[in-house]
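**Student:** Input my_file04.csv, format and content: CSV, C-alpha atoms (C1' of nucleotides).
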```csv
chain,number,residue,atom,x,y,z
I,1,MET,CA,13.3,-19.5,6.6
I,2,LYS,CA,12.6,-15.9,6.5
I,3,PHE,CA,14.5,-14.9,3.4
I,4,GLN,CA,13.3,-17.8,1.4
I,5,ARG,CA,9.8,-17.0,2.5
I,6,GLN,CA,10.2,-13.4,1.5
I,7,ALA,CA,11.6,-14.5,-1.9
I,8,ALA,CA,8.5,-16.7,-2.2
I,9,ILE,CA,6.3,-13.7,-1.4
I,10,LEU,CA,7.9,-11.6,-4.2
I,11,ARG,CA,7.5,-14.4,-6.7
I,12,ILE,CA,3.9,-15.0,-5.7
I,13,ILE,CA,2.8,-11.4,-5.9
I,14,SER,CA,4.4,-11.1,-9.3
I,15,GLU,CA,2.5,-14.1,-10.6
I,16,ASN,CA,-0.8,-13.6,-8.9
I,17,GLU,CA,-3.2,-10.9,-8.0
I,18,ILE,CA,-3.0,-11.0,-4.3
I,19,LYS,CA,-5.8,-9.1,-2.7
I,20,THR,CA,-5.3,-9.7,1.0
I,21,GLN,CA,-2.6,-10.8,3.4
I,22,GLU,CA,-4.7,-13.8,4.3
I,23,GLU,CA,-4.7,-14.9,0.7
I,24,LEU,CA,-0.9,-14.4,0.5
I,25,SER,CA,-0.4,-16.3,3.7
I,26,ALA,CA,-2.3,-19.2,2.2
I,27,LEU,CA,-0.2,-19.3,-0.9
I,28,VAL,CA,3.0,-18.9,1.0
I,29,CYS,CA,2.1,-21.8,3.2
I,30,LYS,CA,1.3,-23.9,0.2
I,31,ALA,CA,4.7,-23.0,-1.2
I,32,GLY,CA,6.2,-24.7,1.8
I,33,PHE,CA,6.8,-21.7,4.2
I,34,PRO,CA,4.3,-21.8,7.0
I,35,ALA,CA,3.4,-18.3,8.0
I,36,THR,CA,0.5,-16.6,9.6
I,37,GLN,CA,-1.0,-13.4,8.4
I,38,ALA,CA,0.8,-11.5,11.1
I,39,THR,CA,4.1,-12.7,9.8
I,40,ILE,CA,3.1,-11.7,6.3
I,41,SER,CA,2.3,-8.3,7.5
I,42,ARG,CA,5.8,-8.0,8.9
I,43,ASP,CA,7.3,-9.3,5.7
I,44,ILE,CA,5.3,-6.8,3.6
I,45,LYS,CA,6.7,-4.1,5.8
I,46,GLU,CA,10.2,-5.2,5.4
I,47,LEU,CA,9.9,-5.7,1.7
I,48,LYS,CA,8.2,-2.4,1.4
I,49,LEU,CA,5.4,-3.9,-0.6
I,50,VAL,CA,2.4,-1.9,-1.3
I,51,LYS,CA,-1.3,-2.5,-1.7
I,52,VAL,CA,-2.4,-0.7,-4.8
I,53,SER,CA,-5.8,-0.4,-6.5
I,54,THR,CA,-6.2,-2.3,-9.7
I,55,VAL,CA,-8.0,-1.4,-12.9
I,56,ASP,CA,-10.8,-3.8,-12.1
I,57,ASN,CA,-11.7,-1.8,-9.0
I,58,GLY,CA,-9.9,-4.0,-6.5
I,59,TYR,CA,-6.7,-4.1,-4.7
I,60,LYS,CA,-3.5,-6.1,-5.0
I,61,TYR,CA,-0.1,-6.2,-3.5
I,62,ALA,CA,2.8,-5.1,-5.6
I,63,ALA,CA,6.5,-4.4,-5.6
I,64,PRO,CA,7.7,-1.2,-3.9
I,65,ASN,CA,7.6,2.2,-5.4
I,66,LYS,CA,11.1,3.4,-6.3
I,67,HIS,CA,10.0,6.7,-7.6
I,68,GLY,CA,10.2,9.4,-5.0
I,69,SER,CA,10.3,13.0,-5.9
I,70,ALA,CA,10.2,13.9,-9.5
I,71,THR,CA,13.6,15.6,-9.4
I,72,TYR,CA,16.0,15.5,-12.2
I,73,MET,CA,18.6,13.4,-10.3
I,74,SER,CA,16.0,11.0,-9.3
I,75,ARG,CA,14.9,10.6,-12.9
I,76,LEU,CA,18.5,10.0,-14.0
I,77,LYS,CA,18.9,7.4,-11.3
I,78,ASN,CA,15.8,5.6,-12.4
I,79,ILE,CA,16.9,5.6,-16.0
I,80,PHE,CA,20.3,4.2,-15.0
I,81,LYS,CA,18.8,1.7,-12.7
I,82,GLU,CA,16.4,0.4,-15.4
I,83,CYS,CA,19.2,0.0,-17.9
I,84,VAL,CA,22.0,-1.5,-15.9
I,85,ILE,CA,22.5,-5.2,-15.2
I,86,ARG,CA,25.9,-5.4,-13.7
I,87,ILE,CA,28.9,-3.3,-12.8
I,88,ASP,CA,32.5,-4.7,-12.8
I,89,ARG,CA,35.9,-3.2,-12.3
I,90,ALA,CA,39.4,-3.9,-13.6
I,91,GLN,CA,42.0,-1.5,-12.2
I,92,ASN,CA,40.9,2.0,-13.1
I,93,LEU,CA,38.3,0.8,-15.6
I,94,VAL,CA,34.7,0.1,-14.9
I,95,VAL,CA,32.6,-2.0,-17.2
I,96,VAL,CA,28.9,-1.5,-17.0
I,97,LYS,CA,26.7,-4.2,-18.6
I,98,THR,CA,23.3,-3.0,-19.7
I,99,LEU,CA,20.2,-4.4,-21.4
I,100,THR,CA,20.8,-4.8,-25.1
I,101,GLY,CA,20.7,-1.5,-26.9
I,102,MET,CA,20.6,0.5,-23.7
I,103,ALA,CA,24.3,1.2,-23.1
I,104,ASN,CA,24.0,4.7,-24.8
I,105,ALA,CA,20.9,5.5,-22.7
I,106,ALA,CA,22.6,4.6,-19.5
I,107,ALA,CA,25.7,6.4,-20.5
I,108,ALA,CA,23.7,9.5,-21.3
I,109,ALA,CA,22.1,9.4,-17.9
I,110,MET,CA,25.4,8.9,-16.3
I,111,ASP,CA,26.9,11.8,-18.2
I,112,ALA,CA,24.1,14.0,-17.1
I,113,MET,CA,24.9,13.2,-13.5
I,114,GLU,CA,28.2,14.9,-14.1
I,115,ILE,CA,30.4,12.7,-12.0
I,116,GLU,CA,33.8,14.6,-11.8
I,117,THR,CA,36.0,11.6,-11.4
I,118,ILE,CA,35.0,10.1,-14.8
I,119,VAL,CA,37.7,10.7,-17.4
I,120,GLY,CA,35.6,9.4,-20.2
I,121,THR,CA,33.1,6.8,-21.3
I,122,ILE,CA,32.7,4.6,-24.4
I,123,ALA,CA,29.3,3.0,-24.9
I,124,GLY,CA,28.6,0.1,-27.2
I,125,ASP,CA,25.4,-1.8,-27.5
I,126,ASP,CA,25.1,-3.4,-24.1
I,127,THR,CA,28.3,-2.3,-22.5
I,128,ILE,CA,29.8,0.9,-21.2
I,129,LEU,CA,33.5,1.3,-20.5
I,130,ILE,CA,34.2,4.0,-18.0
I,131,ILE,CA,37.7,5.3,-17.5
I,132,LEU,CA,38.7,6.9,-14.2
I,133,HIS,CA,42.0,8.3,-13.1
I,134,THR,CA,42.9,5.9,-10.4
I,135,ASN,CA,42.0,2.5,-9.1
I,136,ASP,CA,40.8,4.2,-6.0
I,137,GLU,CA,38.4,6.5,-7.8
I,138,ALA,CA,37.2,3.5,-9.8
I,139,GLU,CA,36.4,1.6,-6.7
I,140,LYS,CA,34.5,4.5,-5.2
I,141,PHE,CA,32.6,5.0,-8.4
I,142,CYS,CA,31.6,1.4,-8.4
I,143,ILE,CA,30.1,1.8,-4.9
I,144,THR,CA,28.3,5.0,-5.9
I,145,ALA,CA,27.0,3.4,-9.1
I,146,GLY,CA,26.0,0.3,-7.2
I,147,ASP,CA,24.0,2.4,-4.8
I,148,LEU,CA,22.1,3.9,-7.7
I,149,LEU,CA,20.8,0.4,-8.6
I,150,LYS,CA,19.1,-0.1,-5.2
P,151,MET,CA,-15.0,19.4,-4.8
P,152,LYS,CA,-13.7,16.0,-5.5
P,153,PHE,CA,-10.8,16.9,-7.8
P,154,GLN,CA,-9.7,19.8,-5.7
P,155,ARG,CA,-9.8,17.6,-2.7
P,156,GLN,CA,-7.8,14.9,-4.4
P,157,ALA,CA,-5.2,17.5,-5.5
P,158,ALA,CA,-5.0,18.6,-1.9
P,159,ILE,CA,-4.4,15.0,-0.9
P,160,LEU,CA,-1.5,14.7,-3.3
P,161,ARG,CA,0.0,17.9,-2.0
P,162,ILE,CA,-0.5,16.9,1.6
P,163,ILE,CA,1.1,13.5,1.3
P,164,SER,CA,4.1,14.9,-0.6
P,165,GLU,CA,4.7,17.4,2.2
P,166,ASN,CA,3.9,15.3,5.2
P,167,GLU,CA,4.4,11.9,6.5
P,168,ILE,CA,0.8,10.7,6.6
P,169,LYS,CA,0.4,7.5,8.6
P,170,THR,CA,-3.3,6.9,8.5
P,171,GLN,CA,-6.3,7.9,6.6
P,172,GLU,CA,-7.8,9.5,9.7
P,173,GLU,CA,-4.7,11.7,9.9
P,174,LEU,CA,-5.1,12.6,6.2
P,175,SER,CA,-8.7,13.2,6.6
P,176,ALA,CA,-8.0,15.7,9.4
P,177,LEU,CA,-5.5,17.6,7.2
P,178,VAL,CA,-7.7,17.6,4.2
P,179,CYS,CA,-10.5,19.0,6.3
P,180,LYS,CA,-8.2,21.7,7.6
P,181,ALA,CA,-7.3,22.5,4.0
P,182,GLY,CA,-10.9,23.4,3.4
P,183,PHE,CA,-12.3,20.1,2.0
P,184,PRO,CA,-14.4,18.3,4.5
P,185,ALA,CA,-14.1,14.6,4.1
P,186,THR,CA,-14.4,11.6,6.3
P,187,GLN,CA,-12.1,8.6,6.4
P,188,ALA,CA,-14.5,6.7,4.1
P,189,THR,CA,-14.1,9.3,1.4
P,190,ILE,CA,-10.3,9.4,1.9
P,191,SER,CA,-10.3,5.7,1.4
P,192,ARG,CA,-12.1,6.0,-1.9
P,193,ASP,CA,-9.8,8.8,-3.0
P,194,ILE,CA,-6.8,6.8,-2.2
P,195,LYS,CA,-8.2,4.0,-4.3
P,196,GLU,CA,-8.8,6.3,-7.2
P,197,LEU,CA,-5.4,8.0,-7.0
P,198,LYS,CA,-3.8,4.6,-6.6
P,199,LEU,CA,-1.9,5.9,-3.6
P,200,VAL,CA,0.0,3.3,-1.5
P,201,LYS,CA,0.8,2.9,2.1
P,202,VAL,CA,4.5,2.1,2.3
P,203,SER,CA,6.8,1.3,5.1
P,204,THR,CA,9.3,4.1,6.0
P,205,VAL,CA,12.9,3.9,7.1
P,206,ASP,CA,11.9,4.8,10.7
P,207,ASN,CA,9.9,1.6,11.0
P,208,GLY,CA,6.5,3.2,10.3
P,209,TYR,CA,4.1,3.6,7.4
P,210,LYS,CA,3.2,6.5,5.2
P,211,TYR,CA,1.0,7.2,2.2
P,212,ALA,CA,2.9,7.8,-1.1
P,213,ALA,CA,2.4,8.4,-4.8
P,214,PRO,CA,1.6,5.3,-6.9
P,215,ASN,CA,4.1,2.7,-8.0
P,216,LYS,CA,4.7,2.8,-11.6
P,217,HIS,CA,7.1,-0.1,-11.7
P,218,GLY,CA,5.4,-3.3,-12.4
P,219,SER,CA,7.1,-6.5,-13.5
P,220,ALA,CA,10.8,-6.2,-14.3
P,221,THR,CA,10.4,-7.2,-17.9
P,222,TYR,CA,12.3,-5.6,-20.7
P,223,MET,CA,9.4,-3.7,-22.1
P,224,SER,CA,8.5,-2.4,-18.7
P,225,ARG,CA,12.1,-1.2,-18.3
P,226,LEU,CA,12.0,0.6,-21.6
P,227,LYS,CA,8.7,2.2,-20.7
P,228,ASN,CA,10.2,3.5,-17.4
P,229,ILE,CA,13.2,4.9,-19.2
P,230,PHE,CA,11.0,6.6,-21.7
P,231,LYS,CA,8.7,7.9,-19.0
P,232,GLU,CA,11.5,9.3,-16.9
P,233,CYS,CA,13.0,11.2,-19.9
P,234,VAL,CA,10.0,12.7,-21.6
P,235,ILE,CA,8.4,15.9,-20.7
P,236,ARG,CA,5.9,16.5,-23.6
P,237,ILE,CA,4.8,15.0,-26.9
P,238,ASP,CA,3.5,17.2,-29.8
P,239,ARG,CA,2.5,16.4,-33.3
P,240,ALA,CA,2.6,18.4,-36.6
P,241,GLN,CA,1.1,16.4,-39.5
P,242,ASN,CA,3.1,13.2,-39.8
P,243,LEU,CA,5.9,14.4,-37.5
P,244,VAL,CA,6.0,13.9,-33.7
P,245,VAL,CA,8.2,16.1,-31.5
P,246,VAL,CA,9.1,14.7,-28.2
P,247,LYS,CA,10.5,17.1,-25.7
P,248,THR,CA,12.8,15.5,-23.0
P,249,LEU,CA,14.9,16.5,-20.1
P,250,THR,CA,18.1,18.2,-21.1
P,251,GLY,CA,20.6,15.7,-22.5
P,252,MET,CA,18.1,12.9,-22.4
P,253,ALA,CA,16.8,12.9,-25.9
P,254,ASN,CA,19.2,10.2,-27.0
P,255,ALA,CA,18.4,8.1,-24.1
P,256,ALA,CA,14.7,8.3,-24.7
P,257,ALA,CA,15.2,7.7,-28.4
P,258,ALA,CA,17.3,4.7,-27.7
P,259,ALA,CA,14.5,3.3,-25.5
P,260,MET,CA,12.0,4.0,-28.1
P,261,ASP,CA,14.1,2.4,-30.8
P,262,ALA,CA,14.4,-0.7,-28.6
P,263,MET,CA,10.6,-0.9,-28.5
P,264,GLU,CA,10.6,-1.5,-32.2
P,265,ILE,CA,7.5,0.4,-33.2
P,266,GLU,CA,7.0,-0.5,-36.8
P,267,THR,CA,5.2,2.7,-37.9
P,268,ILE,CA,8.3,4.8,-37.2
P,269,VAL,CA,10.1,5.7,-40.3
P,270,GLY,CA,13.0,7.3,-38.5
P,271,THR,CA,14.0,9.4,-35.6
P,272,ILE,CA,16.5,12.3,-35.0
P,273,ALA,CA,17.5,13.0,-31.5
P,274,GLY,CA,19.1,16.3,-30.4
P,275,ASP,CA,19.8,17.3,-26.9
P,276,ASP,CA,16.4,17.7,-25.4
P,277,THR,CA,14.2,17.0,-28.4
P,278,ILE,CA,13.4,14.0,-30.6
P,279,LEU,CA,11.9,14.3,-34.0
P,280,ILE,CA,10.0,11.2,-35.1
P,281,ILE,CA,8.9,10.7,-38.6
P,282,LEU,CA,5.9,8.5,-39.5
P,283,HIS,CA,4.4,7.7,-42.8
P,284,THR,CA,1.0,9.3,-42.3
P,285,ASN,CA,-0.8,11.8,-40.1
P,286,ASP,CA,-3.0,8.9,-38.9
P,287,GLU,CA,-0.1,6.8,-37.8
P,288,ALA,CA,1.5,9.8,-36.2
P,289,GLU,CA,-1.7,10.4,-34.2
P,290,LYS,CA,-1.9,6.8,-33.1
P,291,PHE,CA,1.7,6.9,-32.1
P,292,CYS,CA,1.1,10.0,-30.0
P,293,ILE,CA,-1.6,8.1,-28.1
P,294,THR,CA,0.6,5.1,-27.6
P,295,ALA,CA,3.5,7.2,-26.5
P,296,GLY,CA,1.2,9.3,-24.2
P,297,ASP,CA,0.1,6.1,-22.6
P,298,LEU,CA,3.7,5.2,-21.9
P,299,LEU,CA,4.0,8.3,-19.7
P,300,LYS,CA,1.1,7.3,-17.4
S,301,DC,C1',25.9,-27.2,28.7
S,302,DA,C1',23.8,-23.1,31.2
S,303,DG,C1',22.9,-18.5,30.7
S,304,DC,C1',22.3,-14.6,27.9
S,305,DG,C1',20.9,-11.7,24.1
S,306,DC,C1',18.7,-11.3,19.9
S,307,DC,C1',15.7,-12.6,16.3
S,308,DT,C1',11.5,-14.7,14.7
S,309,DT,C1',6.9,-16.1,15.1
S,310,DG,C1',1.8,-17.0,16.3
S,311,DA,C1',-2.3,-15.8,18.8
S,312,DA,C1',-5.0,-12.4,20.3
S,313,DA,C1',-6.0,-7.7,20.8
S,314,DT,C1',-6.1,-3.3,18.7
S,315,DA,C1',-6.0,-0.2,15.0
S,316,DT,C1',-6.8,0.9,10.5
S,317,DT,C1',-9.1,0.6,6.1
S,318,DA,C1',-12.8,-0.8,2.8
S,319,DT,C1',-17.6,-1.4,2.0
S,320,DT,C1',-22.5,-1.3,2.6
S,321,DC,C1',-26.5,1.2,2.9
S,322,DA,C1',-29.0,5.4,3.0
S,323,DT,C1',-29.0,10.0,1.8
S,324,DT,C1',-27.7,14.1,-0.5
S,325,DT,C1',-25.8,16.4,-4.3
S,326,DT,C1',-24.9,17.0,-9.0
S,327,DA,C1',-25.6,16.4,-13.8
S,328,DT,C1',-28.8,15.4,-17.9
S,329,DG,C1',-32.7,15.4,-20.8
S,330,DG,C1',-37.2,16.8,-21.5
J,331,DC,C1',-37.7,24.3,-14.2
J,332,DC,C1',-38.8,19.5,-13.1
J,333,DA,C1',-37.9,14.6,-13.2
J,334,DT,C1',-34.8,11.3,-13.1
J,335,DA,C1',-30.4,9.0,-13.4
J,336,DA,C1',-25.7,9.0,-11.8
J,337,DA,C1',-22.2,10.3,-8.7
J,338,DA,C1',-20.5,11.5,-4.2
J,339,DT,C1',-20.6,11.2,0.5
J,340,DG,C1',-21.1,10.0,5.7
J,341,DA,C1',-22.2,6.8,9.4
J,342,DA,C1',-21.9,2.5,10.7
J,343,DT,C1',-20.1,-1.9,10.1
J,344,DA,C1',-17.3,-5.5,8.1
J,345,DA,C1',-13.0,-6.7,6.6
J,346,DT,C1',-8.2,-6.3,6.8
J,347,DA,C1',-3.8,-5.0,8.7
J,348,DT,C1',-0.6,-3.9,12.5
J,349,DT,C1',1.0,-4.5,17.0
J,350,DT,C1',1.5,-6.4,21.6
J,351,DC,C1',2.9,-9.9,24.3
J,352,DA,C1',4.6,-14.3,25.3
J,353,DA,C1',7.1,-18.1,23.7
J,354,DG,C1',10.4,-20.7,21.0
J,355,DG,C1',14.8,-21.0,18.6
J,356,DC,C1',19.6,-20.1,17.6
J,357,DG,C1',24.2,-18.6,18.2
J,358,DC,C1',27.6,-17.0,21.6
J,359,DT,C1',30.5,-17.1,25.6
J,360,DG,C1',32.1,-18.6,29.7
```
Let me see the structure of the file written as structure tokens.
**Tutor:**
Amino acid sequence: MKFQRQAAILRIISENEIKTQEELSALVCKAGFPATQATISRDIKELKLVKVSTVDNGYKYAAPNKHGSATYMSRLKNIFKECVIRIDRAQNLVVVKTLTGMANAAAAAMDAMEIETIVGTIAGDDTILIILHTNDEAEKFCITAGDLLK
Amino acid sequence: MKFQRQAAILRIISENEIKTQEELSALVCKAGFPATQATISRDIKELKLVKVSTVDNGYKYAAPNKHGSATYMSRLKNIFKECVIRIDRAQNLVVVKTLTGMANAAAAAMDAMEIETIVGTIAGDDTILIILHTNDEAEKFCITAGDLLK
DNA sequence: CAGCGCCTTGAAATATTATTCATTTTATGG
DNA sequence: CCATAAAATGAATAATATTTCAAGGCGCTG
């Protein structure tokens, strides 16, 4: 029940301006997942949701803040993260699927990270092909790149 | 006093794990800006700070969440925002200064936004030159682009 | 299936945060 | 410089969020 409920919470807060946990609890219950405000509080903690002030002088719950320090690397990660949809591997080749038109942006961000094991990259419109020396390096790269998306 | 105090708050939360407003109030006072929890609450609202759960199962106050919905436009905005340092204008030309190596990424994001008034763009390593038809359009574009950075 | 450990949850208690109301401070126009 | 409006603030309180504690559920293992 828990994961479905938390998914419901994410959906609900993206579609509504939820001001309080009570309010969220009510909607979550209506969505078919009975939960008290106490449980909602725990879910919010786990999902790392935040209560943020809105333009109209109120508050609402929102998705977590992925921006930490404003360091260069962090910026690159965010760029990468925002562009990339999926990462696949075939032998020593890695195929990164991006939003349309964003492959070059993502590749630029990746280049700037200066990952040594990368032999070269070719970026099209929504796909980047990354060539690494070995299957092993490619697999490691996939894990690293996957972590960037979190 | 208010702005200095709010600046102090930003500094303090970036350097410490602040769990409660009382705690923050104490540090802010120690920094030379007497303020009660009530005032801190108002400052937090104005600064759009958020209380977010930490890895060690607690809470802390943090800088605001700039990520909203995961829509395409929002992604583009974030990419742009992460790349761009400064925007200047000279007549009908706009010069966007970016992080080193990020000019193409930022330009790609901007292109994807399909802003009609842009005649063309040239991206170097850390600079984008954007050409618009008129001074007026360039000024409007600067405002729009500036808003993207917020 | 009994016993155990672990996770989840609700109700109530506690802690924390937001707001109200009164007051002071600061800015503004004469 | 005074009058007045607007903004800022603290104390107290109301509202909201978190935690504690006890109970229930679920999967394992013997």
**Student:** For a quick check of your reading of the model, name the residues lying within 9 Å of the coordinate (13.3, 2.8, -22.7), counting only C-alpha atoms (C1' of nucleotides), and write them as a list of chain:residue names.
**Tutor:** I:Ile79, I:Glu82, I:Cys83, I:Met102, I:Ala105, P:Tyr222, P:Met223, P:Ser224, P:Arg225, P:Leu226, P:Lys227, P:Asn228, P:Ile229, P:Phe230, P:Lys231, P:Glu232, P:Cys233, P:Ala255, P:Ala256, P:Ala257, P:Ala258, P:Ala259, P:Met260, P:Asp261, P:Ala262, P:Met263
**Student:** What is the distance between atom CA of Ile190 of chain P and atom CA of Met151 of chain P, in Å to one decimal?
**Tutor:** 12.9 Å
**Student:** Tell me, in Å to one decimal, how far atom C1' of DA345 of chain J is from atom C1' of DA313 of chain S.
**Tutor:**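 Distance between the two atoms: 15.9 Å.
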**Student:** Rounded to one decimal place, report the atom CA of Pro64 of chain I-atom CA of Glu15 of chain I distance in Å.
**Tutor:**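 We find that atom CA of Pro64 of chain I and atom CA of Glu15 of chain I lie 15.4 Å from each other.
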**Student:** Out of J:DT334, J:DT339, J:DT348, J:DT359, which residue has the shortest atom-to-atom distance to DA322 of chain S when counting all atoms listed in the file?
**Tutor:**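 Counting all atoms listed in the file, the residue closest to DA322 of chain S is J:DT339.
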**Student:** Using all atoms listed in the file, select each residue of chain J with any atom at most 10 Å away from an atom of chain P, and give the selection as a ChimeraX atom specification.
**Tutor:** /J:338-341
**Student:** Produce a file of the selected residues containing C-alpha atoms (C1' of nucleotides), as an mmCIF file, in the frame of the given file.
**Tutor:**
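Final file, out_11.cif:
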```
data_model
loop_
_atom_site.group_PDB
_atom_site.id
_atom_site.type_symbol
_atom_site.label_atom_id
_atom_site.label_comp_id
_atom_site.auth_asym_id
_atom_site.auth_seq_id
_atom_site.Cartn_x
_atom_site.Cartn_y
_atom_site.Cartn_z
ATOM 1 C "C1'" DA J 338 -20.500 11.500 -4.200
ATOM 2 C "C1'" DT J 339 -20.600 11.200 0.500
ATOM 3 C "C1'" DG J 340 -21.100 10.000 5.700
ATOM 4 C "C1'" DA J 341 -22.200 6.800 9.400
#
```
**Student:** Each residue of chain S lying at most 9 Å from chain I should get a row with its shortest atom-to-atom pair and the distance in Å to one decimal, counting all atoms listed in the file; could you produce that, ordered by chain and increasing number, as a Markdown table?
**Tutor:**
```
| residue | atom | partner | partner_atom | distance |
| --- | --- | --- | --- | --- |
| S:DT308 | C1' | I:Lys2 | CA | 8.4 |
| S:DT309 | C1' | I:Thr39 | CA | 6.9 |
| S:DG310 | C1' | I:Thr36 | CA | 6.8 |
```
**Student:** Based on the selection just made, write C-alpha atoms (C1' of nucleotides) of those residues as a PDB file, in the frame of the given file.
**Tutor:**
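The resulting again-v8.pdb:
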```pdb
ATOM      1  C1'  DT S 308      11.500 -14.700  14.700  1.00  0.00           C
ATOM      2  C1'  DT S 309       6.900 -16.100  15.100  1.00  0.00           C
ATOM      3  C1'  DG S 310       1.800 -17.000  16.300  1.00  0.00           C
TER       4       DG S 310
END
```
**Student:** Using all atoms listed in the file and a cutoff of 8 Å, can you tell me which residues are near (-8.6, -2.9, 10.6) in the file's coordinates, and write them out as a PyMOL selection string?
**Tutor:** (chain S and resi 315-317) or (chain J and resi 345-347)
**Student:** Restricting the output to C-alpha atoms (C1' of nucleotides), write the selected residues as a PDB file, keeping the file's coordinate frame.
**Tutor:**
```pdb
ATOM      1  C1'  DA S 315      -6.000  -0.200  15.000  1.00  0.00           C
ATOM      2  C1'  DT S 316      -6.800   0.900  10.500  1.00  0.00           C
ATOM      3  C1'  DT S 317      -9.100   0.600   6.100  1.00  0.00           C
TER       4       DT S 317
ATOM      5  C1'  DA J 345     -13.000  -6.700   6.600  1.00  0.00           C
ATOM      6  C1'  DT J 346      -8.200  -6.300   6.800  1.00  0.00           C
ATOM      7  C1'  DA J 347      -3.800  -5.000   8.700  1.00  0.00           C
TER       8       DA J 347
END
```
